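model-v4.cif follows (mmCIF, C-alpha atoms):
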data_upload
#
loop_
_atom_site.label_atom_id
_atom_site.label_comp_id
_atom_site.auth_asym_id
_atom_site.auth_seq_id
_atom_site.Cartn_x
_atom_site.Cartn_y
_atom_site.Cartn_z
CA MET A 6 -6.74 43.32 -41.23
CA ASP A 7 -6.71 45.31 -44.52
CA ASP A 8 -4.57 48.42 -44.16
CA ARG A 9 -6.75 50.44 -46.51
CA PHE A 10 -9.41 50.66 -43.83
CA ARG A 11 -6.96 52.04 -41.27
CA VAL A 12 -5.51 54.58 -43.74
CA SER A 13 -8.91 55.94 -44.82
CA GLY A 14 -10.16 55.95 -41.21
CA ALA A 15 -7.08 57.81 -39.94
CA ALA A 16 -7.27 60.34 -42.78
CA GLN A 17 -10.83 61.31 -41.84
CA ALA A 18 -10.41 61.10 -38.08
CA GLY A 19 -12.06 64.07 -36.43
CA ARG A 20 -12.23 64.87 -32.78
CA LEU A 21 -15.25 62.58 -32.31
CA GLU A 22 -13.57 59.72 -34.08
CA ARG A 23 -10.43 60.14 -31.99
CA GLY A 24 -12.56 60.01 -28.89
CA TYR A 25 -14.21 56.79 -30.01
CA ARG A 26 -10.84 55.28 -30.87
CA ARG A 27 -9.54 56.04 -27.39
CA LEU A 28 -12.50 54.15 -25.93
CA LEU A 29 -12.15 51.28 -28.39
CA ALA A 30 -8.51 50.96 -27.34
CA CYS A 31 -9.85 49.31 -24.17
CA TYR A 32 -10.93 46.28 -26.19
CA PRO A 33 -8.60 43.27 -26.60
CA ALA A 34 -6.06 43.81 -29.38
CA ARG A 35 -7.10 40.71 -31.28
CA TYR A 36 -10.76 41.78 -31.10
CA ARG A 37 -9.90 45.30 -32.28
CA GLN A 38 -7.99 43.97 -35.27
CA ILE A 39 -11.23 42.54 -36.61
CA HIS A 40 -13.94 44.81 -35.22
CA GLU A 41 -12.55 48.28 -34.51
CA GLU A 42 -13.31 49.79 -37.92
CA GLU A 43 -16.70 48.15 -38.02
CA MET A 44 -17.65 49.45 -34.56
CA LEU A 45 -16.30 52.88 -35.43
CA ALA A 46 -18.50 52.93 -38.54
CA VAL A 47 -21.53 52.10 -36.38
CA LEU A 48 -20.64 54.78 -33.81
CA MET A 49 -20.04 57.47 -36.44
CA THR A 50 -23.22 56.54 -38.35
CA GLY A 51 -25.27 56.88 -35.16
CA ALA A 52 -23.70 60.17 -34.07
CA PRO A 53 -25.89 63.24 -34.71
CA PRO A 54 -24.39 66.07 -36.83
CA GLY A 55 -22.18 68.39 -34.85
CA LYS A 56 -21.36 65.94 -32.10
CA ARG A 57 -17.78 66.58 -30.99
CA ARG A 58 -17.07 63.96 -28.31
CA PRO A 59 -18.51 60.66 -27.01
CA GLY A 60 -21.22 61.07 -24.40
CA ILE A 61 -20.90 59.76 -20.85
CA ALA A 62 -23.50 57.02 -21.34
CA GLU A 63 -21.91 56.07 -24.63
CA ALA A 64 -18.45 55.90 -23.08
CA ALA A 65 -19.75 53.79 -20.19
CA ASP A 66 -21.45 51.45 -22.63
CA LEU A 67 -18.23 50.98 -24.64
CA LEU A 68 -16.16 50.39 -21.50
CA TRP A 69 -18.70 47.89 -20.17
CA GLY A 70 -18.73 46.17 -23.57
CA ALA A 71 -14.93 45.98 -23.51
CA LEU A 72 -15.02 44.33 -20.08
CA ARG A 73 -17.52 41.76 -21.30
CA ILE A 74 -15.42 40.99 -24.37
CA TRP A 75 -12.34 40.48 -22.17
CA CYS A 76 -14.32 38.01 -20.05
CA GLN A 77 -15.97 36.13 -22.91
CA PRO A 78 -14.32 33.30 -24.81
CA SER A 79 -13.94 33.79 -28.53
CA PRO A 80 -15.66 31.39 -30.93
CA ALA A 81 -12.23 30.11 -32.00
CA ARG A 82 -11.35 29.37 -28.37
CA GLU A 83 -14.65 27.53 -27.93
CA ALA A 84 -13.79 25.35 -30.91
CA GLU A 85 -10.44 24.58 -29.23
CA LEU A 86 -12.13 23.57 -26.00
CA ALA A 87 -14.72 21.49 -27.85
CA TRP A 88 -12.20 18.73 -28.57
CA ARG A 89 -11.59 18.27 -24.86
CA ASP A 90 -15.33 18.05 -24.18
CA ALA A 91 -15.64 15.53 -27.04
CA LEU A 92 -12.95 13.33 -25.47
CA ALA A 93 -14.60 13.65 -22.07
CA ILE A 94 -17.91 12.45 -23.54
CA LEU A 95 -16.20 9.55 -25.33
CA SER A 96 -14.66 8.31 -22.07
CA VAL A 97 -18.24 7.56 -20.97
CA ILE A 98 -20.13 6.60 -24.11
CA LEU A 99 -17.50 4.34 -25.70
CA PRO A 100 -17.96 1.56 -23.13
CA LEU A 101 -21.72 2.04 -23.38
CA ILE A 102 -21.63 1.63 -27.16
CA LEU A 103 -19.46 -1.48 -26.93
CA VAL A 104 -21.58 -3.16 -24.25
CA VAL A 105 -24.76 -2.48 -26.25
CA SER A 106 -23.06 -3.71 -29.44
CA VAL A 107 -21.98 -7.01 -27.88
CA VAL A 108 -25.37 -7.57 -26.19
CA VAL A 109 -27.24 -6.89 -29.45
CA ASN A 110 -24.92 -9.19 -31.42
CA GLU A 111 -25.14 -12.07 -28.98
CA ALA A 112 -28.90 -11.63 -28.60
CA ARG A 113 -29.20 -11.75 -32.37
CA VAL A 114 -27.31 -15.05 -32.42
CA LEU A 115 -29.68 -16.49 -29.81
CA VAL A 116 -32.73 -15.34 -31.76
CA LEU A 117 -31.49 -16.58 -35.13
CA MET A 118 -30.08 -19.85 -33.83
CA PRO A 119 -32.18 -20.84 -30.83
CA GLY A 120 -30.94 -23.57 -28.61
CA SER A 121 -27.47 -22.28 -27.85
CA PRO A 122 -25.66 -22.63 -31.18
CA PHE A 123 -22.29 -23.31 -29.61
CA GLY A 124 -23.67 -25.62 -27.01
CA HIS A 125 -22.13 -25.26 -23.61
CA ARG A 126 -19.50 -22.89 -25.01
CA PHE A 127 -21.99 -20.09 -25.87
CA LEU A 128 -22.22 -18.47 -22.47
CA PRO A 129 -18.46 -18.41 -21.88
CA TRP A 130 -18.08 -17.05 -25.42
CA ALA A 131 -20.62 -14.29 -24.79
CA LEU A 132 -18.99 -13.41 -21.47
CA LYS A 133 -15.59 -13.30 -23.17
CA GLN A 134 -16.98 -10.83 -25.70
CA LEU A 135 -18.40 -8.69 -22.89
CA ALA A 136 -15.31 -8.76 -20.69
CA ALA A 137 -13.35 -5.97 -22.35
CA PRO A 138 -16.34 -3.58 -22.77
CA LEU A 139 -17.36 -4.16 -19.15
CA ALA A 140 -13.78 -3.49 -18.05
CA MET A 141 -13.89 -0.24 -20.01
CA GLY A 142 -17.14 0.60 -18.24
CA ALA A 143 -15.50 -0.03 -14.86
CA LEU A 144 -12.93 2.65 -15.70
CA VAL A 145 -15.69 5.30 -15.67
CA PRO A 146 -16.55 5.25 -11.93
CA LEU A 147 -12.83 4.92 -11.19
CA ALA A 148 -12.13 8.01 -13.32
CA LEU A 149 -14.75 9.97 -11.37
CA ARG A 150 -12.51 9.64 -8.32
CA MET A 151 -9.01 9.19 -9.78
CA ARG A 152 -8.91 10.08 -13.47
CA ARG A 153 -5.17 9.60 -14.03
CA LEU A 154 -5.19 6.22 -12.26
CA ALA A 155 -8.07 5.20 -14.51
CA ALA A 156 -6.02 6.27 -17.55
CA LEU A 157 -3.11 4.13 -16.34
CA ALA A 158 -5.47 1.21 -15.76
CA GLY A 159 -6.81 1.68 -19.29
CA ALA A 160 -3.30 1.59 -20.71
CA GLY A 161 -2.55 -1.59 -18.77
CA LEU A 162 -5.80 -3.15 -19.97
CA LEU A 163 -4.90 -2.25 -23.55
CA ILE A 164 -1.47 -3.88 -23.32
CA LEU A 165 -3.04 -6.99 -21.78
CA LEU A 166 -5.68 -7.19 -24.52
CA VAL A 167 -3.16 -6.85 -27.35
CA ALA A 168 -0.97 -9.51 -25.71
CA LEU A 169 -3.94 -11.88 -25.35
CA VAL A 170 -5.00 -11.58 -28.98
CA SER A 171 -1.44 -11.88 -30.34
CA SER A 172 -1.67 -15.63 -30.36
CA PRO A 173 -3.01 -17.41 -33.46
CA PRO A 174 -5.31 -17.17 -35.43
CA SER A 175 -3.75 -14.55 -37.66
CA VAL A 176 -6.73 -12.20 -37.70
CA LEU A 177 -8.57 -10.58 -34.81
CA PRO A 178 -12.23 -11.34 -34.08
CA ILE A 179 -14.51 -8.46 -35.02
CA GLY A 180 -15.11 -7.64 -31.36
CA ASP A 181 -11.40 -7.11 -30.70
CA ILE A 182 -10.96 -5.09 -33.88
CA ILE A 183 -13.36 -2.51 -32.43
CA VAL A 184 -12.43 -2.88 -28.76
CA ILE A 185 -8.72 -2.26 -29.23
CA PRO A 186 -8.98 1.19 -30.86
CA ALA A 187 -11.96 2.07 -28.63
CA LEU A 188 -9.99 1.21 -25.49
CA GLY A 189 -7.02 3.15 -26.81
CA LEU A 190 -9.25 6.17 -27.46
CA GLN A 191 -10.84 5.91 -24.01
CA THR A 192 -7.38 5.78 -22.40
CA VAL A 193 -6.32 8.90 -24.31
CA ALA A 194 -9.62 10.56 -23.37
CA LEU A 195 -9.11 9.84 -19.67
CA ALA A 196 -5.56 11.21 -19.84
CA ALA A 197 -6.12 14.29 -22.00
CA SER A 198 -9.58 15.51 -21.06
CA PRO A 199 -11.52 16.38 -17.90
CA GLY A 200 -13.05 12.89 -18.15
CA PRO A 201 -16.41 11.53 -16.94
CA ARG A 202 -16.92 14.31 -14.40
CA ARG A 203 -17.14 16.85 -17.26
CA ALA A 204 -19.09 14.44 -19.49
CA LEU A 205 -21.83 13.98 -16.89
CA LYS A 206 -22.40 17.76 -16.92
CA ILE A 207 -22.90 17.75 -20.69
CA LEU A 208 -24.76 14.48 -21.28
CA THR A 209 -28.45 14.08 -20.56
CA TRP A 210 -30.60 10.97 -20.51
CA LYS A 211 -31.85 11.97 -23.96
CA HIS A 212 -28.28 11.83 -25.31
CA VAL A 213 -27.71 8.42 -23.72
CA ALA A 214 -30.97 7.08 -25.17
CA LEU A 215 -30.01 8.38 -28.63
CA VAL A 216 -26.60 6.67 -28.40
CA VAL A 217 -28.21 3.36 -27.41
CA ILE A 218 -30.83 3.58 -30.16
CA ALA A 219 -28.23 4.50 -32.79
CA THR A 220 -25.98 1.62 -31.70
CA VAL A 221 -28.86 -0.90 -31.83
CA LEU A 222 -29.83 0.45 -35.25
CA VAL A 223 -26.29 0.03 -36.64
CA TRP A 224 -26.11 -3.57 -35.41
CA THR A 225 -29.51 -4.77 -36.62
CA ARG A 226 -29.01 -7.63 -38.99
CA ALA A 227 -30.40 -5.88 -42.08
CA ILE A 228 -27.89 -3.06 -41.68
CA SER A 229 -24.85 -4.82 -40.26
CA ILE A 230 -24.52 -7.23 -43.19
CA ASN A 231 -25.10 -4.56 -45.83
CA PRO A 232 -22.11 -2.19 -46.01
CA VAL A 233 -24.06 0.38 -48.06
CA ALA A 234 -26.90 0.48 -45.54
CA ARG A 235 -24.40 0.69 -42.70
CA LEU A 236 -22.65 3.56 -44.48
CA ILE A 237 -25.94 5.40 -45.03
CA VAL A 238 -27.05 5.06 -41.39
CA LEU A 239 -23.66 6.17 -40.10
CA ALA A 240 -23.53 9.04 -42.63
CA VAL A 241 -26.93 10.32 -41.48
CA ILE A 242 -25.89 10.16 -37.83
CA GLY A 243 -22.55 11.76 -38.66
CA ALA A 244 -24.10 14.57 -40.69
CA ARG A 245 -26.44 15.43 -37.83
CA MET A 246 -23.53 15.47 -35.36
CA ALA A 247 -21.44 17.67 -37.67
CA GLN A 248 -24.32 20.08 -38.14
CA THR A 249 -24.92 20.77 -34.47
CA SER A 250 -21.73 22.35 -33.11
CA PRO A 251 -17.91 22.16 -32.93
CA LEU A 252 -18.43 19.57 -30.17
CA GLY A 253 -20.52 17.42 -32.52
CA ARG A 254 -17.88 17.69 -35.23
CA TRP A 255 -15.06 16.67 -32.86
CA LEU A 256 -17.16 13.74 -31.59
CA LEU A 257 -17.71 12.61 -35.16
CA LEU A 258 -13.99 12.80 -35.92
CA PHE A 259 -12.94 10.88 -32.81
CA MET A 260 -15.65 8.26 -33.29
CA ALA A 261 -14.17 7.48 -36.71
CA ILE A 262 -11.22 5.85 -34.93
CA PRO A 263 -13.03 2.85 -33.40
CA ALA A 264 -15.67 2.82 -36.16
CA TYR A 265 -13.10 2.78 -38.95
CA PRO A 266 -12.60 -1.01 -39.05
CA LEU A 267 -16.37 -1.52 -39.51
CA PHE A 268 -16.13 -0.16 -43.03
CA PHE A 269 -13.34 -2.50 -44.01
CA PHE A 270 -14.19 -5.73 -42.24
CA GLY A 271 -13.92 -8.52 -44.79
CA MET A 272 -11.14 -6.74 -46.67
CA PRO A 273 -7.42 -7.28 -46.09
CA PRO A 274 -5.98 -7.22 -43.49
CA PHE A 275 -9.20 -8.14 -41.71
CA SER A 276 -9.98 -11.05 -44.01
CA PRO A 277 -9.86 -14.64 -42.80
CA PRO A 278 -6.51 -16.35 -43.08
CA GLY A 279 -5.39 -17.27 -46.56
CA THR A 280 -7.00 -14.38 -48.41
CA GLY A 281 -3.97 -12.12 -48.31
CA ARG A 282 -2.90 -9.45 -45.88
CA GLY A 283 -2.65 -6.52 -48.28
CA TRP A 284 -1.95 -2.88 -47.25
CA GLY A 285 1.83 -3.44 -47.54
CA LEU A 286 2.05 -4.58 -43.91
CA ASP A 287 3.37 -8.08 -44.58
CA PHE A 288 6.58 -7.26 -42.76
CA LEU A 289 4.65 -7.00 -39.47
CA PRO A 290 3.20 -9.85 -37.42
CA SER A 291 -0.42 -10.25 -38.43
CA THR A 292 -1.85 -8.89 -35.18
CA ALA A 293 0.40 -5.86 -35.30
CA ALA A 294 -0.60 -5.32 -38.93
CA VAL A 295 -4.26 -5.29 -37.97
CA VAL A 296 -3.69 -2.95 -35.03
CA VAL A 297 -1.73 -0.54 -37.24
CA ALA A 298 -4.51 -0.69 -39.83
CA CYS A 299 -7.05 -0.03 -37.07
CA TYR A 300 -5.29 3.00 -35.66
CA LEU A 301 -3.17 4.60 -38.33
CA PRO A 302 -5.63 6.07 -40.89
CA PRO A 303 -8.16 7.60 -38.49
CA ALA A 304 -5.41 8.67 -36.09
CA ALA A 305 -3.62 10.41 -38.96
CA LEU A 306 -6.91 12.08 -39.89
CA ALA A 307 -7.43 13.22 -36.30
CA VAL A 308 -3.90 14.63 -36.13
CA LEU A 309 -4.36 16.52 -39.41
CA ALA A 310 -7.68 17.93 -38.21
CA ALA A 311 -6.13 19.00 -34.90
CA VAL A 312 -3.23 20.71 -36.68
CA ALA A 313 -5.65 22.46 -39.06
CA ALA A 314 -7.82 23.60 -36.14
CA ARG A 315 -4.80 24.91 -34.24
CA ARG A 316 -3.56 26.81 -37.29
CA ALA A 317 -7.03 28.27 -37.88
CA SER A 318 -7.30 29.43 -34.27
CA SER A 319 -3.83 30.99 -34.28
CA GLN A 320 -4.62 32.86 -37.50
CA SER A 321 -8.02 34.09 -36.33
CA SER A 322 -7.58 37.39 -34.48
CA GLY A 323 -10.93 37.53 -32.77
CA PRO A 324 -14.51 36.35 -32.79
CA LEU A 325 -16.89 36.20 -35.69
CA ASP A 326 -14.18 35.96 -38.31
CA VAL A 327 -14.82 32.29 -39.02
CA ALA A 328 -18.45 31.77 -39.80
CA GLY A 329 -20.02 29.08 -37.74
CA ALA A 330 -16.85 28.29 -35.81
CA MET B 19 -29.57 20.30 -22.16
CA THR B 20 -32.48 22.56 -21.11
CA ASP B 21 -32.40 26.08 -22.64
CA VAL B 22 -32.84 28.92 -20.17
CA PRO B 23 -35.29 31.73 -21.06
CA MET B 24 -33.72 34.27 -23.37
CA ARG B 25 -32.99 37.81 -22.21
CA GLU B 26 -34.93 40.52 -24.03
CA PRO B 27 -31.97 42.18 -25.83
CA THR B 28 -30.84 38.75 -27.08
CA PHE B 29 -34.36 37.95 -28.26
CA LEU B 30 -34.64 41.28 -30.06
CA ILE B 31 -31.24 40.87 -31.77
CA LEU B 32 -32.15 37.41 -33.01
CA THR B 33 -35.56 38.69 -34.12
CA ALA B 34 -33.90 41.50 -36.07
CA LEU B 35 -31.68 38.94 -37.83
CA ALA B 36 -34.60 36.60 -38.48
CA ALA B 37 -35.67 38.92 -41.32
CA GLY B 38 -32.29 38.48 -43.02
CA PRO B 39 -28.62 39.46 -42.64
CA GLN B 40 -28.08 42.91 -41.12
CA HIS B 41 -25.11 45.09 -40.15
CA GLY B 42 -24.57 46.47 -36.68
CA TYR B 43 -26.32 49.82 -37.13
CA GLY B 44 -29.20 48.09 -38.90
CA ILE B 45 -29.61 45.73 -35.94
CA MET B 46 -29.65 48.65 -33.49
CA THR B 47 -32.26 50.50 -35.55
CA ASP B 48 -34.40 47.41 -36.01
CA VAL B 49 -34.32 46.53 -32.30
CA ALA B 50 -35.53 50.05 -31.43
CA GLN B 51 -38.32 49.76 -33.98
CA ILE B 52 -39.41 46.27 -32.85
CA SER B 53 -39.52 47.36 -29.19
CA GLY B 54 -41.34 50.59 -29.97
CA GLY B 55 -38.38 52.68 -28.85
CA ARG B 56 -38.23 51.02 -25.42
CA VAL B 57 -34.98 49.11 -25.99
CA ARG B 58 -32.14 51.12 -27.48
CA LEU B 59 -28.93 49.16 -27.91
CA ARG B 60 -25.63 50.96 -27.93
CA ALA B 61 -22.59 49.71 -29.83
CA GLY B 62 -20.76 48.32 -26.78
CA THR B 63 -23.76 46.27 -25.67
CA LEU B 64 -24.54 45.13 -29.19
CA TYR B 65 -21.06 43.87 -30.02
CA ALA B 66 -20.62 42.12 -26.69
CA ALA B 67 -23.95 40.39 -27.36
CA LEU B 68 -22.92 39.47 -30.92
CA ASN B 69 -19.67 38.00 -29.61
CA ARG B 70 -21.53 35.90 -27.05
CA LEU B 71 -24.10 34.79 -29.63
CA ALA B 72 -21.29 33.74 -31.98
CA VAL B 73 -19.68 31.69 -29.20
CA GLU B 74 -23.05 29.99 -28.67
CA ASP B 75 -23.27 29.37 -32.45
CA LEU B 76 -26.47 31.41 -32.77
CA VAL B 77 -25.12 34.04 -35.20
CA GLU B 78 -22.30 34.21 -37.71
CA MET B 79 -20.80 36.70 -40.12
CA ASP B 80 -22.52 36.90 -43.50
CA ARG B 81 -20.46 39.34 -45.60
CA GLU B 82 -18.53 42.62 -45.63
CA GLU B 83 -19.02 45.83 -47.63
CA ILE B 84 -17.33 49.20 -47.91
CA VAL B 85 -19.86 52.02 -47.67
CA ASP B 86 -18.58 55.62 -47.80
CA THR B 87 -15.06 54.30 -47.03
CA ARG B 88 -16.38 52.67 -43.83
CA LEU B 89 -16.35 48.92 -43.23
CA ARG B 90 -19.82 47.46 -42.85
CA ARG B 91 -20.13 43.83 -41.70
CA TYR B 92 -23.38 41.87 -41.95
CA TYR B 93 -24.47 39.11 -39.56
CA ARG B 94 -27.01 36.33 -39.96
CA LEU B 95 -28.67 33.65 -37.86
CA THR B 96 -27.15 30.17 -37.89
CA PRO B 97 -29.48 27.16 -38.20
CA HIS B 98 -29.00 26.66 -34.46
CA GLY B 99 -29.88 30.32 -33.88
CA THR B 100 -33.05 29.98 -35.95
CA ALA B 101 -34.08 26.91 -33.98
CA ARG B 102 -33.30 28.60 -30.67
CA LEU B 103 -35.36 31.66 -31.59
CA ALA B 104 -38.26 29.48 -32.73
CA ALA B 105 -38.13 27.55 -29.45
CA GLU B 106 -38.19 30.81 -27.49
CA VAL B 107 -41.17 32.08 -29.51
CA ASP B 108 -42.99 28.83 -28.80
CA ARG B 109 -42.22 29.07 -25.11
CA MET B 110 -43.47 32.67 -24.89
CA ARG B 111 -46.56 31.84 -26.93
CA ARG B 112 -47.52 29.02 -24.55
CA HIS B 113 -47.04 31.22 -21.52
CA THR B 114 -49.04 34.11 -22.96
CA ALA B 115 -51.83 31.74 -24.00
CA VAL B 116 -52.12 30.46 -20.42
CA ALA B 117 -52.09 34.00 -19.05
CA ALA B 118 -54.75 35.15 -21.54
CA ARG B 119 -57.03 32.20 -20.72
CA ARG B 120 -56.79 32.81 -17.00
CA LEU B 121 -57.45 36.52 -17.37
CA ALA B 122 -60.50 35.84 -19.53
CA ALA B 123 -61.92 33.15 -17.23
CA PRO B 124 -64.84 34.02 -14.90
CA GLY B 125 -63.39 35.34 -11.69
CA GLY B 126 -60.21 36.25 -13.50
CA SER B 127 -58.55 39.63 -13.11
CA ALA B 128 -59.73 40.93 -16.51
#
Write-out of the structure in structure tokens:
Amino acid sequence: MDDRFRVSGAAQAGRLERGYRRLLACYPARYRQIHEEEMLAVLMTGAPPGKRRPGIAEAADLLWGALRIWCQPSPAREAELAWRDALAILSVILPLILVVSVVVNEARVLVLMPGSPFGHRFLPWALKQLAAPLAMGALVPLALRMRRLAALAGAGLLILLVALVSSPPSVLPIGDIIVIPALGLQTVALAASPGPRRALKILTWKHVALVVIATVLVWTRAISINPVARLIVLAVIGARMAQTSPLGRWLLLFMAIPAYPLFFFGMPPFSPPGTGRGWGLDFLPSTAAVVVACYLPPAALAVLAAVAARRASSQSSGPLDVAGA
Amino acid sequence: MTDVPMREPTFLILTALAAGPQHGYGIMTDVAQISGGRVRLRAGTLYAALNRLAVEDLVEMDREEIVDTRLRRYYRLTPHGTARLAAEVDRMRRHTAVAARRLAAPGGSA
């Protein structure tokens, strides 16, 4: 708060102004730091000439307003809580996205190559692709009853999955590249957020339909093989999410973690064997290198964003000081 | 998520800001003028409402000025606030249209 406002206000304080200041002292200190001088200006502007003290109705209105401010969250606090709601939503929609992705991909294979392209191995292959997403989906009803147990189960499932894919070949299938960070994010979401119980209060059938449609759109053949088209579709979806609210922006940030490998599939270290590992991770086993590449950049981005958000909320002394927060 | 009907003071504050950014006293004056003097907001009510509207991402701060050594802060509608106000206008318009038709119909109360 700029001291020049306090100095000029104090210098001109008359009896009426002192009366208003006594009433405004009932407001939270952090709120007063930002809004006291502004409210005082409004009160003094509206006071008729010769008025010497606040009226009874005016005093009651200010006291009632102070009570409401004490009971209301500040916009900065809402932005803090939004990340927890975003994680809660992800604990539900991540398995949905993965199941839809695998179904669309396998259906596309059947359509493009009719007659079971892998022969008798196609169905077991498809079921193998669906196993991890369906297991993630099973964590949701478990988390409705026992959220922490579901988080532990998710962690166990993650360890099992990483162990299973650690055997050769030296690069993960695309399904596992996405499933591993998604499962990790869902496990964190179940542990650190209110979980599916909170998500089901926020999500509507319209949201679920939009998620399914967006997922199908991203995986249609014309878009999935064209990185520029994929980037454009995801950028449009992301821009809309970022525009809506702090919750939308946190969802967008967290979704970057499992979506991150999609932008780099085909480049080291996701390339087929023999094309180089790149990224300076040659000292790690190939699977570990891929997992680090999956998690590290978006996780670092999420940590930086969380630190920046925490610093912004600790510096903001009250509401309405960060536009659009 | 379904939006609940808007309370009248909230509607009037958003309507006042729909014309452009305004400071607190300007909002109070405009609300009284829009309502024909029926709704008179006081500073405590106004600023509690502005705080709640900011939490709901319907309004945000626009700019600050110093006028006669007093701090004056302007507020504006957010895109979400504009959409919310438009939705409320549409809702009220539909309801009033139904009421007007029924009143004008033969056997109606008009």
Selection near Arg60 in chain B, 9 Å with all atoms listed in the file, sequence-local residues under 3 positions removed, as a PyMOL selection string: (chain A and resi 48+63+66-67) or (chain B and resi 46+63-65)
Nearby residues (all atoms listed in the file) at most 12 Å from Ala104 in chain B, same-chain spacing under 4 positions excluded, as a PyMOL selection string: chain B and resi 24+29+32-33+36+76+95+97-100+108-111
Residues within 8 Å of Gly189 in chain A, all atoms listed in the file, excluding chain neighbours under 5 positions, as a list of chain:residue names: A:Gly159, A:Ala160, A:Leu163
Residues selected by the PyMOL selection byres ((chain A and resi 137-148) around 9), written as an NGL selection string: :A and (96-104 or 107 or 133-136 or 149-156 or 158-159 or 162 or 166 or 181 or 184 or 188 or 191 or 195 or 200-202)
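Pairwise distance (CA of Ala46 in chain A, CA of Gly24 in chain A) equals 13.4 Å.
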Distance of CA of Ala64 in chain A from CA of Arg26 in chain A, expressed in Å to one decimal place: 10.9 Å
Hits from the PyMOL selection byres ((chain B) within 6 of (chain A)), listed as a PyMOL selection string: chain B and resi 43+62-63+66+73+78-79+88-90
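Rounded to one decimal, CA of Arg89 in chain A and CA of Ser198 in chain A lie 5.1 Å from each other.
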Contact residues around Met260 in chain A with all atoms listed in the file at 9 Å, ignoring same-chain residues under 2 positions, as a ChimeraX atom specification: /A:95,99,187,190,255-258,262-265
Could I see range 105-119 of chain B restored to N, CA and C atoms, set down as a PDB file, in the coordinates of the input?
ATOM      1  N   ALA B 105     -37.796  28.186 -30.726  1.00  0.00           N
ATOM      2  CA  ALA B 105     -38.130  27.550 -29.450  1.00  0.00           C
ATOM      3  C   ALA B 105     -38.550  28.606 -28.422  1.00  0.00           C
ATOM      4  N   GLU B 106     -37.865  29.747 -28.436  1.00  0.00           N
ATOM      5  CA  GLU B 106     -38.190  30.810 -27.490  1.00  0.00           C
ATOM      6  C   GLU B 106     -39.567  31.405 -27.812  1.00  0.00           C
ATOM      7  N   VAL B 107     -39.847  31.579 -29.110  1.00  0.00           N
ATOM      8  CA  VAL B 107     -41.170  32.080 -29.510  1.00  0.00           C
ATOM      9  C   VAL B 107     -42.258  31.110 -29.049  1.00  0.00           C
ATOM     10  N   ASP B 108     -42.017  29.842 -29.209  1.00  0.00           N
ATOM     11  CA  ASP B 108     -42.990  28.830 -28.800  1.00  0.00           C
ATOM     12  C   ASP B 108     -43.212  28.867 -27.294  1.00  0.00           C
ATOM     13  N   ARG B 109     -42.125  29.014 -26.560  1.00  0.00           N
ATOM     14  CA  ARG B 109     -42.220  29.070 -25.110  1.00  0.00           C
ATOM     15  C   ARG B 109     -43.057  30.279 -24.672  1.00  0.00           C
ATOM     16  N   MET B 110     -42.756  31.451 -25.263  1.00  0.00           N
ATOM     17  CA  MET B 110     -43.470  32.670 -24.890  1.00  0.00           C
ATOM     18  C   MET B 110     -44.945  32.571 -25.313  1.00  0.00           C
ATOM     19  N   ARG B 111     -45.198  31.973 -26.452  1.00  0.00           N
ATOM     20  CA  ARG B 111     -46.560  31.840 -26.930  1.00  0.00           C
ATOM     21  C   ARG B 111     -47.394  30.988 -25.964  1.00  0.00           C
ATOM     22  N   ARG B 112     -46.811  29.890 -25.486  1.00  0.00           N
ATOM     23  CA  ARG B 112     -47.520  29.020 -24.550  1.00  0.00           C
ATOM     24  C   ARG B 112     -47.818  29.756 -23.260  1.00  0.00           C
ATOM     25  N   HIS B 113     -46.849  30.495 -22.778  1.00  0.00           N
ATOM     26  CA  HIS B 113     -47.040  31.220 -21.520  1.00  0.00           C
ATOM     27  C   HIS B 113     -48.099  32.302 -21.667  1.00  0.00           C
ATOM     28  N   THR B 114     -48.048  33.043 -22.781  1.00  0.00           N
ATOM     29  CA  THR B 114     -49.040  34.110 -22.960  1.00  0.00           C
ATOM     30  C   THR B 114     -50.432  33.526 -23.167  1.00  0.00           C
ATOM     31  N   ALA B 115     -50.512  32.368 -23.804  1.00  0.00           N
ATOM     32  CA  ALA B 115     -51.830  31.740 -24.000  1.00  0.00           C
ATOM     33  C   ALA B 115     -52.439  31.352 -22.645  1.00  0.00           C
ATOM     34  N   VAL B 116     -51.626  30.815 -21.757  1.00  0.00           N
ATOM     35  CA  VAL B 116     -52.120  30.460 -20.420  1.00  0.00           C
ATOM     36  C   VAL B 116     -52.559  31.707 -19.677  1.00  0.00           C
ATOM     37  N   ALA B 117     -51.752  32.753 -19.754  1.00  0.00           N
ATOM     38  CA  ALA B 117     -52.090  34.000 -19.050  1.00  0.00           C
ATOM     39  C   ALA B 117     -53.387  34.595 -19.604  1.00  0.00           C
ATOM     40  N   ALA B 118     -53.544  34.576 -20.923  1.00  0.00           N
ATOM     41  CA  ALA B 118     -54.750  35.150 -21.540  1.00  0.00           C
ATOM     42  C   ALA B 118     -55.991  34.363 -21.133  1.00  0.00           C
ATOM     43  N   ARG B 119     -55.878  33.028 -21.095  1.00  0.00           N
ATOM     44  CA  ARG B 119     -57.030  32.200 -20.720  1.00  0.00           C
ATOM     45  C   ARG B 119     -57.453  32.493 -19.291  1.00  0.00           C
TER      46      ARG B 119
END
